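structure_38.cif (mmCIF, C-alpha atoms) appears below.
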```cif
data_model
loop_
_atom_site.label_atom_id
_atom_site.label_comp_id
_atom_site.auth_asym_id
_atom_site.auth_seq_id
_atom_site.Cartn_x
_atom_site.Cartn_y
_atom_site.Cartn_z
CA MET A 426 0.00 0.00 0.00
CA HIS A 427 2.80 2.38 0.85
CA ARG A 428 4.57 1.61 -2.43
CA GLN A 429 1.38 2.31 -4.43
CA GLY A 430 0.84 5.62 -2.66
CA SER A 431 4.42 6.62 -3.40
CA ASN A 432 3.98 5.77 -7.08
CA GLU A 433 0.79 7.82 -7.25
CA TYR A 434 2.57 10.78 -5.68
CA THR A 435 5.47 10.47 -8.11
CA SER A 436 3.08 10.25 -11.05
CA SER A 437 1.19 13.34 -9.88
CA THR A 438 4.44 15.26 -9.35
CA ASN A 439 5.67 14.37 -12.83
CA ALA A 440 2.35 15.42 -14.38
CA ASN A 441 2.47 18.78 -12.60
CA SER A 442 6.08 19.23 -13.66
CA ASN A 443 5.14 18.59 -17.30
CA VAL A 444 2.35 21.16 -17.14
CA GLU A 445 4.70 23.74 -15.61
CA HIS A 446 7.29 23.03 -18.29
CA VAL A 447 4.77 23.51 -21.11
CA LEU A 448 3.30 26.57 -19.38
CA ARG A 449 6.70 28.29 -19.18
CA TYR A 450 7.47 27.36 -22.78
CA LEU A 451 4.19 28.81 -24.07
CA ARG A 452 4.06 31.87 -21.83
CA ASP A 453 7.65 32.83 -22.58
CA GLY A 454 7.04 32.27 -26.29
CA ILE A 455 3.96 34.49 -26.28
CA ILE A 456 5.70 37.26 -24.32
CA ASP A 457 8.86 37.08 -26.44
CA GLY A 458 6.89 37.05 -29.69
CA GLY A 459 7.89 33.52 -30.67
CA PHE A 460 4.18 32.81 -30.81
CA ALA A 461 2.92 35.87 -32.64
CA PRO A 462 -0.24 37.77 -31.63
CA SER A 463 -3.34 36.32 -33.31
CA SER A 464 -1.46 33.15 -34.33
CA LYS A 465 -2.90 29.66 -33.89
CA LEU A 466 -1.26 27.30 -31.40
CA LEU A 467 -0.77 23.74 -32.64
CA PRO A 468 -0.94 21.25 -29.72
CA LYS A 469 0.83 18.45 -31.60
CA GLN A 470 3.85 20.60 -32.43
CA ILE A 471 3.95 22.01 -28.90
CA ALA A 472 3.81 18.52 -27.37
CA GLU A 473 6.67 17.40 -29.61
CA SER A 474 8.74 20.48 -28.78
CA CYS A 475 8.21 19.96 -25.04
CA GLY A 476 8.54 16.16 -25.15
CA THR A 477 5.16 15.58 -23.53
CA SER A 478 1.73 14.18 -24.34
CA PHE A 479 -1.29 16.30 -25.31
CA ILE A 480 -2.68 16.34 -21.74
CA PRO A 481 -0.17 18.77 -20.14
CA VAL A 482 -0.34 20.93 -23.27
CA ARG A 483 -4.11 21.19 -22.93
CA GLU A 484 -3.87 21.96 -19.21
CA ALA A 485 -1.21 24.62 -19.79
CA MET A 486 -3.38 26.23 -22.46
CA ARG A 487 -6.29 26.42 -20.01
CA VAL A 488 -4.07 28.24 -17.53
CA LEU A 489 -3.01 30.68 -20.24
CA GLU A 490 -6.66 31.20 -21.14
CA SER A 491 -7.42 32.16 -17.52
CA GLU A 492 -4.49 34.60 -17.64
CA GLY A 493 -5.76 36.17 -20.87
CA PHE A 494 -2.90 35.08 -23.12
CA VAL A 495 -4.91 32.75 -25.36
CA SER A 496 -8.51 32.13 -26.41
CA PHE A 497 -10.26 28.85 -27.18
CA VAL A 498 -12.49 29.30 -30.22
CA HIS A 499 -15.12 26.64 -30.88
CA ASN A 500 -14.15 24.35 -33.77
CA ARG A 501 -11.19 26.59 -34.61
CA GLY A 502 -8.58 25.82 -31.95
CA VAL A 503 -6.51 27.92 -29.60
CA TRP A 504 -5.26 31.36 -30.62
CA VAL A 505 -2.82 33.83 -29.09
CA THR A 506 -4.64 36.93 -27.88
CA PRO A 507 -4.03 39.83 -30.30
CA LEU A 508 -2.43 43.11 -29.33
CA SER A 509 -4.80 46.07 -29.27
CA THR A 510 -4.82 49.70 -28.21
CA THR A 511 -7.72 49.01 -25.86
CA ASP A 512 -5.81 46.25 -24.05
CA LEU A 513 -2.68 48.40 -24.00
CA GLN A 514 -4.48 51.33 -22.40
CA ASP A 515 -6.23 49.07 -19.88
CA ILE A 516 -2.94 47.52 -18.78
CA TYR A 517 -1.11 50.83 -18.46
CA THR A 518 -3.97 52.62 -16.70
CA LEU A 519 -3.77 49.97 -13.98
CA ARG A 520 0.02 50.01 -13.97
CA ILE A 521 0.13 53.78 -13.51
CA GLU A 522 -2.29 53.60 -10.59
CA LEU A 523 -0.58 50.71 -8.80
CA GLU A 524 3.05 51.54 -9.52
CA CYS A 525 2.89 55.25 -8.78
CA GLU A 526 1.20 54.53 -5.45
CA ALA A 527 3.89 51.93 -4.72
CA VAL A 528 6.55 54.61 -5.24
CA ARG A 529 4.72 57.09 -3.03
CA ARG A 530 4.46 54.47 -0.25
CA SER A 531 7.97 53.04 -0.61
CA GLU A 532 10.47 53.14 2.22
CA PRO A 533 13.42 55.56 2.09
CA PHE A 534 16.30 54.44 -0.13
CA ALA A 535 19.77 54.16 1.37
CA SER A 536 22.71 55.55 -0.58
CA ALA A 537 23.78 52.01 -1.52
CA SER A 538 20.33 51.34 -3.01
CA ILE A 539 20.44 54.56 -5.02
CA ALA A 540 23.91 53.61 -6.29
CA HIS A 541 22.53 50.23 -7.36
CA LEU A 542 19.74 51.91 -9.33
CA TYR A 543 22.20 54.16 -11.16
CA ASP A 544 24.35 51.11 -11.88
CA LEU A 545 21.36 49.36 -13.44
CA LEU A 546 20.85 52.37 -15.72
CA THR A 547 24.50 52.30 -16.77
CA ARG A 548 24.29 48.58 -17.54
CA SER A 549 21.06 49.11 -19.46
CA THR A 550 22.76 51.68 -21.71
CA ALA A 551 25.64 49.26 -22.30
CA ALA A 552 23.15 46.53 -23.25
CA TYR A 553 21.39 48.92 -25.63
CA GLU A 554 24.64 49.89 -27.31
CA SER A 555 25.49 46.20 -27.74
CA ASN A 556 22.03 45.41 -29.15
CA GLU A 557 21.39 43.03 -26.25
CA HIS A 558 17.68 43.76 -26.12
CA SER A 559 16.75 40.84 -23.85
CA VAL A 560 19.33 42.00 -21.31
CA GLN A 561 18.02 45.56 -21.61
CA LEU A 562 14.46 44.41 -20.89
CA ALA A 563 15.62 42.34 -17.92
CA LEU A 564 17.52 45.30 -16.45
CA ASN A 565 14.51 47.56 -16.96
CA ARG A 566 12.36 45.10 -15.01
CA GLU A 567 14.99 44.79 -12.27
CA LEU A 568 15.13 48.58 -11.93
CA HIS A 569 11.38 48.97 -11.57
CA PHE A 570 10.87 46.10 -9.16
CA PHE A 571 13.83 47.07 -7.00
CA ILE A 572 11.81 50.24 -6.37
CA TYR A 573 8.36 48.64 -6.05
CA GLU A 574 9.49 46.00 -3.57
CA ARG A 575 10.12 48.80 -1.05
CA THR A 576 6.38 49.37 -0.71
CA ASN A 577 5.98 46.35 1.64
CA SER A 578 2.64 45.44 0.07
CA PRO A 579 2.72 41.82 -1.18
CA ARG A 580 -0.74 42.08 -2.73
CA ARG A 581 0.11 45.24 -4.66
CA LEU A 582 3.38 43.70 -5.84
CA LYS A 583 1.56 40.55 -7.01
CA LEU A 584 -0.87 42.62 -9.09
CA ILE A 585 1.97 44.66 -10.59
CA LYS A 586 3.83 41.48 -11.57
CA GLU A 587 0.73 40.11 -13.30
CA LEU A 588 0.32 43.33 -15.29
CA TRP A 589 3.99 43.26 -16.26
CA LEU A 590 3.54 39.80 -17.78
CA HIS A 591 1.00 41.26 -20.18
CA SER A 592 2.72 44.59 -20.78
CA ALA A 593 5.93 42.76 -21.74
CA ARG A 594 4.28 41.79 -25.05
CA TYR A 595 3.89 45.48 -25.83
CA GLN A 596 7.19 46.68 -24.36
CA ARG A 597 9.15 44.71 -26.95
CA LEU A 598 7.66 46.94 -29.63
CA SER A 599 9.45 49.98 -28.21
CA ILE A 600 12.91 48.45 -27.76
CA GLY A 601 15.47 50.52 -29.64
CA TYR A 602 13.08 53.40 -30.39
CA ARG A 603 13.56 55.73 -27.44
CA HIS A 604 16.38 54.52 -25.22
CA ASP A 605 17.82 58.00 -24.61
CA ALA A 606 14.44 59.43 -23.61
CA ALA A 607 13.59 56.44 -21.42
CA ASP A 608 17.01 56.60 -19.76
CA SER A 609 16.46 60.29 -18.99
CA GLU A 610 13.02 59.52 -17.53
CA HIS A 611 14.43 56.70 -15.40
CA ARG A 612 17.22 58.95 -14.13
CA GLU A 613 14.67 61.58 -13.15
CA ILE A 614 12.83 58.95 -11.09
CA VAL A 615 16.04 57.85 -9.36
CA ASP A 616 17.12 61.46 -8.81
CA MET A 617 13.82 62.12 -7.01
CA LEU A 618 14.23 59.01 -4.87
CA SER A 619 17.78 60.09 -4.06
CA SER A 620 16.33 63.36 -2.74
CA ALA A 621 13.67 61.44 -0.78
CA ASP A 622 10.98 63.09 -2.92
CA HIS A 623 8.76 60.06 -3.41
CA HIS A 624 5.81 62.07 -4.67
CA GLY A 625 8.05 63.70 -7.26
CA ALA A 626 9.35 60.25 -8.23
CA ALA A 627 5.77 59.01 -8.62
CA ASP A 628 4.96 61.96 -10.90
CA ALA A 629 8.07 61.24 -12.97
CA LEU A 630 7.07 57.58 -13.20
CA GLN A 631 3.57 58.49 -14.36
CA ASN A 632 5.05 60.67 -17.10
CA HIS A 633 7.40 57.83 -18.12
CA LEU A 634 4.60 55.25 -18.32
CA GLN A 635 2.23 57.56 -20.18
CA THR A 636 4.93 58.47 -22.69
CA THR A 637 5.52 54.75 -23.22
CA VAL A 638 1.80 54.19 -23.84
CA ASP A 639 1.73 56.98 -26.42
CA LEU A 640 4.66 55.43 -28.28
CA LEU A 641 3.27 51.90 -28.16
CA ARG A 642 -0.13 53.07 -29.37
CA SER A 643 1.54 54.34 -32.52
CA GLN A 644 3.26 50.97 -32.97
CA ILE A 645 0.11 48.87 -33.16
CA SER A 646 -3.06 49.05 -35.20
CA ASP A 647 -6.02 51.14 -34.08
CA GLY A 648 -8.30 48.10 -33.92
CA GLY A 649 -8.80 48.53 -30.22
CA THR A 650 -11.67 46.09 -29.97
CA GLU A 651 -10.05 43.62 -32.35
CA LEU A 652 -11.31 40.07 -31.76
CA VAL A 653 -9.42 36.84 -32.18
CA THR A 654 -12.22 35.46 -34.33
CA SER A 655 -11.78 38.23 -36.89
CA ASN A 656 -8.23 37.05 -37.49
CA ILE A 657 -9.31 33.41 -37.67
CA ASP A 658 -11.97 34.12 -40.27
CA ALA A 659 -9.35 35.79 -42.42
CA THR A 660 -7.19 32.67 -42.58
#
```
Before anything else, please render the file you have as structure tokens.
Amino acid sequence: MHRQGSNEYTSSTNANSNVEHVLRYLRDGIIDGGFAPSSKLLPKQIAESCGTSFIPVREAMRVLESEGFVSFVHNRGVWVTPLSTTDLQDIYTLRIELECEAVRRSEPFASASIAHLYDLLTRSTAAYESNEHSVQLALNRELHFFIYERTNSPRRLKLIKELWLHSARYQRLSIGYRHDAADSEHREIVDMLSSADHHGAADALQNHLQTTVDLLRSQISDGGTELVTSNIDAT
């Protein structure tokens, strides 16, 4: 009896591990653009790429559906959610509200923390000049969350992280277009934090995020209410 229970536990653990593996593969691919917006996901190919059966692929797709990354369309399969100006604005409206309040409520930053933030900006510029866009994006995320984690609000931080997952699909559109401006905006935020002016830093952050929205809006189509089915019918 003990041996059977152990086998059942091992089987369950392996199944969960397979789902997590497929989930990371798909989510990362959608965020990175490997699975393009409005493209159809092919379970057989995904299962082969991940070395699993169809079951964990299906379960992972259901998780992604609950997160808003994909849509199941009756008799037409599973499709990556398209980019739209409506979704973009919705994401950034929430980000501005949550992130600016996080900055206002953050604890004071020690000189070592401020130095770390400036170092991240220097490394980001180096990554930009070397065309290491993935590194640049990672450093941008590290900069922002190093600040937000000082708010001591786990729930707020969790919501911000969820929004960043979705905004990452849009952020990639702006890479290489406005590094100098973004660097200047980031430095203004850090300068304000260095002076312990958290409200000023929050205002600078709001300006930075809104400027980003304006740029991204120009990078995507104006079909704000674009539906996945409209793309499917066109295929």
Contacts of Ser478 (chain A) at 12 Å (all atoms listed in the file; same-chain gap of 4+ positions) as a PDB file with C-alpha atoms, in the coordinates of the input:
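Generated file (around-v4.pdb):
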```
ATOM      1  CA  ALA A 440       2.350  15.420 -14.380  1.00  0.00           C
ATOM      2  CA  ASN A 443       5.140  18.590 -17.300  1.00  0.00           C
ATOM      3  CA  VAL A 444       2.350  21.160 -17.140  1.00  0.00           C
ATOM      4  CA  VAL A 447       4.770  23.510 -21.110  1.00  0.00           C
ATOM      5  CA  PRO A 468      -0.940  21.250 -29.720  1.00  0.00           C
ATOM      6  CA  LYS A 469       0.830  18.450 -31.600  1.00  0.00           C
ATOM      7  CA  GLN A 470       3.850  20.600 -32.430  1.00  0.00           C
ATOM      8  CA  ILE A 471       3.950  22.010 -28.900  1.00  0.00           C
ATOM      9  CA  ALA A 472       3.810  18.520 -27.370  1.00  0.00           C
ATOM     10  CA  GLU A 473       6.670  17.400 -29.610  1.00  0.00           C
ATOM     11  CA  SER A 474       8.740  20.480 -28.780  1.00  0.00           C
ATOM     12  CA  VAL A 482      -0.340  20.930 -23.270  1.00  0.00           C
ATOM     13  CA  ARG A 483      -4.110  21.190 -22.930  1.00  0.00           C
ATOM     14  CA  GLU A 484      -3.870  21.960 -19.210  1.00  0.00           C
ATOM     15  CA  ALA A 485      -1.210  24.620 -19.790  1.00  0.00           C
TER      16      ALA A 485
END
```
### Message
Translate the PyMOL selection byres ((chain A and resi 526-536) around 6) into a concrete residue list for this structure, as a list in words.
### Response
Leu523, Glu524, Cys525, Ala537, Ser538, Ile539, Tyr573, Arg575, Thr576, His623, His624 and Ala627 of chain A
### Summary
Here CA of Ser442 (chain A) and CA of Ile455 (chain A) stand apart by 19.9 Å
### Task
Give the answer as one residue: which of A:Pro507, A:Gly502, A:Gly454, A:Gly493 has the shortest atom-to-atom distance to Leu467 (chain A), using all atoms listed in the file?
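Closest candidate: A:Gly502.
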### Task
May I have the residues within 12 Å of Trp504 (chain A) as a ChimeraX atom specification, using all atoms listed in the file and disregarding those fewer than 3 positions away in the same chain?
/A:451,455,460-468,486-487,489-490,493-501,507,652-657
### Distance query Thr637 (chain A) at most 10 Å, only C-alpha atoms, self and fewer than 4 positions along chain excluded, as a list in words
Tyr517, Tyr595, Gln596, Ser599, Arg603, Ala607, Gln631, Asn632, His633, Leu641 and Arg642 of chain A
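Among the candidate residues A:Val615, A:Ala593, A:Cys475, A:Ala629, the one lying nearest to Leu513 (chain A) is A:Ala593, with distances computed using only C-alpha atoms.
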Complete the atom set of region 509-530 of chain A to N, CA and C atoms and return it as a tab-separated table (two decimals), in the frame of the given file.
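out-v9.tsv written:
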```
chain	number	residue	atom	x	y	z
A	509	SER	N	-3.83	45.04	-28.90
A	509	SER	CA	-4.80	46.07	-29.27
A	509	SER	C	-4.57	47.32	-28.43
A	510	THR	N	-4.98	48.45	-28.95
A	510	THR	CA	-4.82	49.70	-28.21
A	510	THR	C	-5.69	49.72	-26.96
A	511	THR	N	-6.84	49.06	-27.02
A	511	THR	CA	-7.72	49.01	-25.86
A	511	THR	C	-7.06	48.23	-24.73
A	512	ASP	N	-6.50	47.06	-25.05
A	512	ASP	CA	-5.81	46.25	-24.05
A	512	ASP	C	-4.60	46.99	-23.51
A	513	LEU	N	-3.86	47.62	-24.40
A	513	LEU	CA	-2.68	48.40	-24.00
A	513	LEU	C	-3.05	49.47	-22.99
A	514	GLN	N	-4.08	50.25	-23.28
A	514	GLN	CA	-4.48	51.33	-22.40
A	514	GLN	C	-4.98	50.80	-21.07
A	515	ASP	N	-5.71	49.67	-21.10
A	515	ASP	CA	-6.23	49.07	-19.88
A	515	ASP	C	-5.08	48.64	-18.97
A	516	ILE	N	-4.09	47.98	-19.55
A	516	ILE	CA	-2.94	47.52	-18.78
A	516	ILE	C	-2.19	48.70	-18.15
A	517	TYR	N	-1.93	49.72	-18.95
A	517	TYR	CA	-1.11	50.83	-18.46
A	517	TYR	C	-1.87	51.76	-17.52
A	518	THR	N	-3.18	51.84	-17.66
A	518	THR	CA	-3.97	52.62	-16.70
A	518	THR	C	-3.83	52.00	-15.31
A	519	LEU	N	-3.92	50.68	-15.25
A	519	LEU	CA	-3.77	49.97	-13.98
A	519	LEU	C	-2.33	50.05	-13.47
A	520	ARG	N	-1.38	49.92	-14.38
A	520	ARG	CA	0.02	50.01	-13.97
A	520	ARG	C	0.34	51.38	-13.37
A	521	ILE	N	-0.14	52.43	-14.02
A	521	ILE	CA	0.13	53.78	-13.51
A	521	ILE	C	-0.44	53.94	-12.11
A	522	GLU	N	-1.66	53.47	-11.91
A	522	GLU	CA	-2.29	53.60	-10.59
A	522	GLU	C	-1.53	52.83	-9.52
A	523	LEU	N	-1.21	51.57	-9.80
A	523	LEU	CA	-0.58	50.71	-8.80
A	523	LEU	C	0.89	51.06	-8.58
A	524	GLU	N	1.62	51.32	-9.65
A	524	GLU	CA	3.05	51.54	-9.52
A	524	GLU	C	3.39	52.91	-8.94
A	525	CYS	N	2.63	53.91	-9.33
A	525	CYS	CA	2.89	55.25	-8.78
A	525	CYS	C	2.58	55.29	-7.28
A	526	GLU	N	1.52	54.59	-6.88
A	526	GLU	CA	1.20	54.53	-5.45
A	526	GLU	C	2.27	53.74	-4.70
A	527	ALA	N	2.82	52.70	-5.35
A	527	ALA	CA	3.89	51.93	-4.72
A	527	ALA	C	5.11	52.82	-4.47
A	528	VAL	N	5.42	53.69	-5.41
A	528	VAL	CA	6.55	54.61	-5.24
A	528	VAL	C	6.28	55.60	-4.12
A	529	ARG	N	5.07	56.13	-4.09
A	529	ARG	CA	4.72	57.09	-3.03
A	529	ARG	C	4.82	56.45	-1.64
A	530	ARG	N	4.49	55.16	-1.54
A	530	ARG	CA	4.46	54.47	-0.25
A	530	ARG	C	5.77	53.74	0.07
```
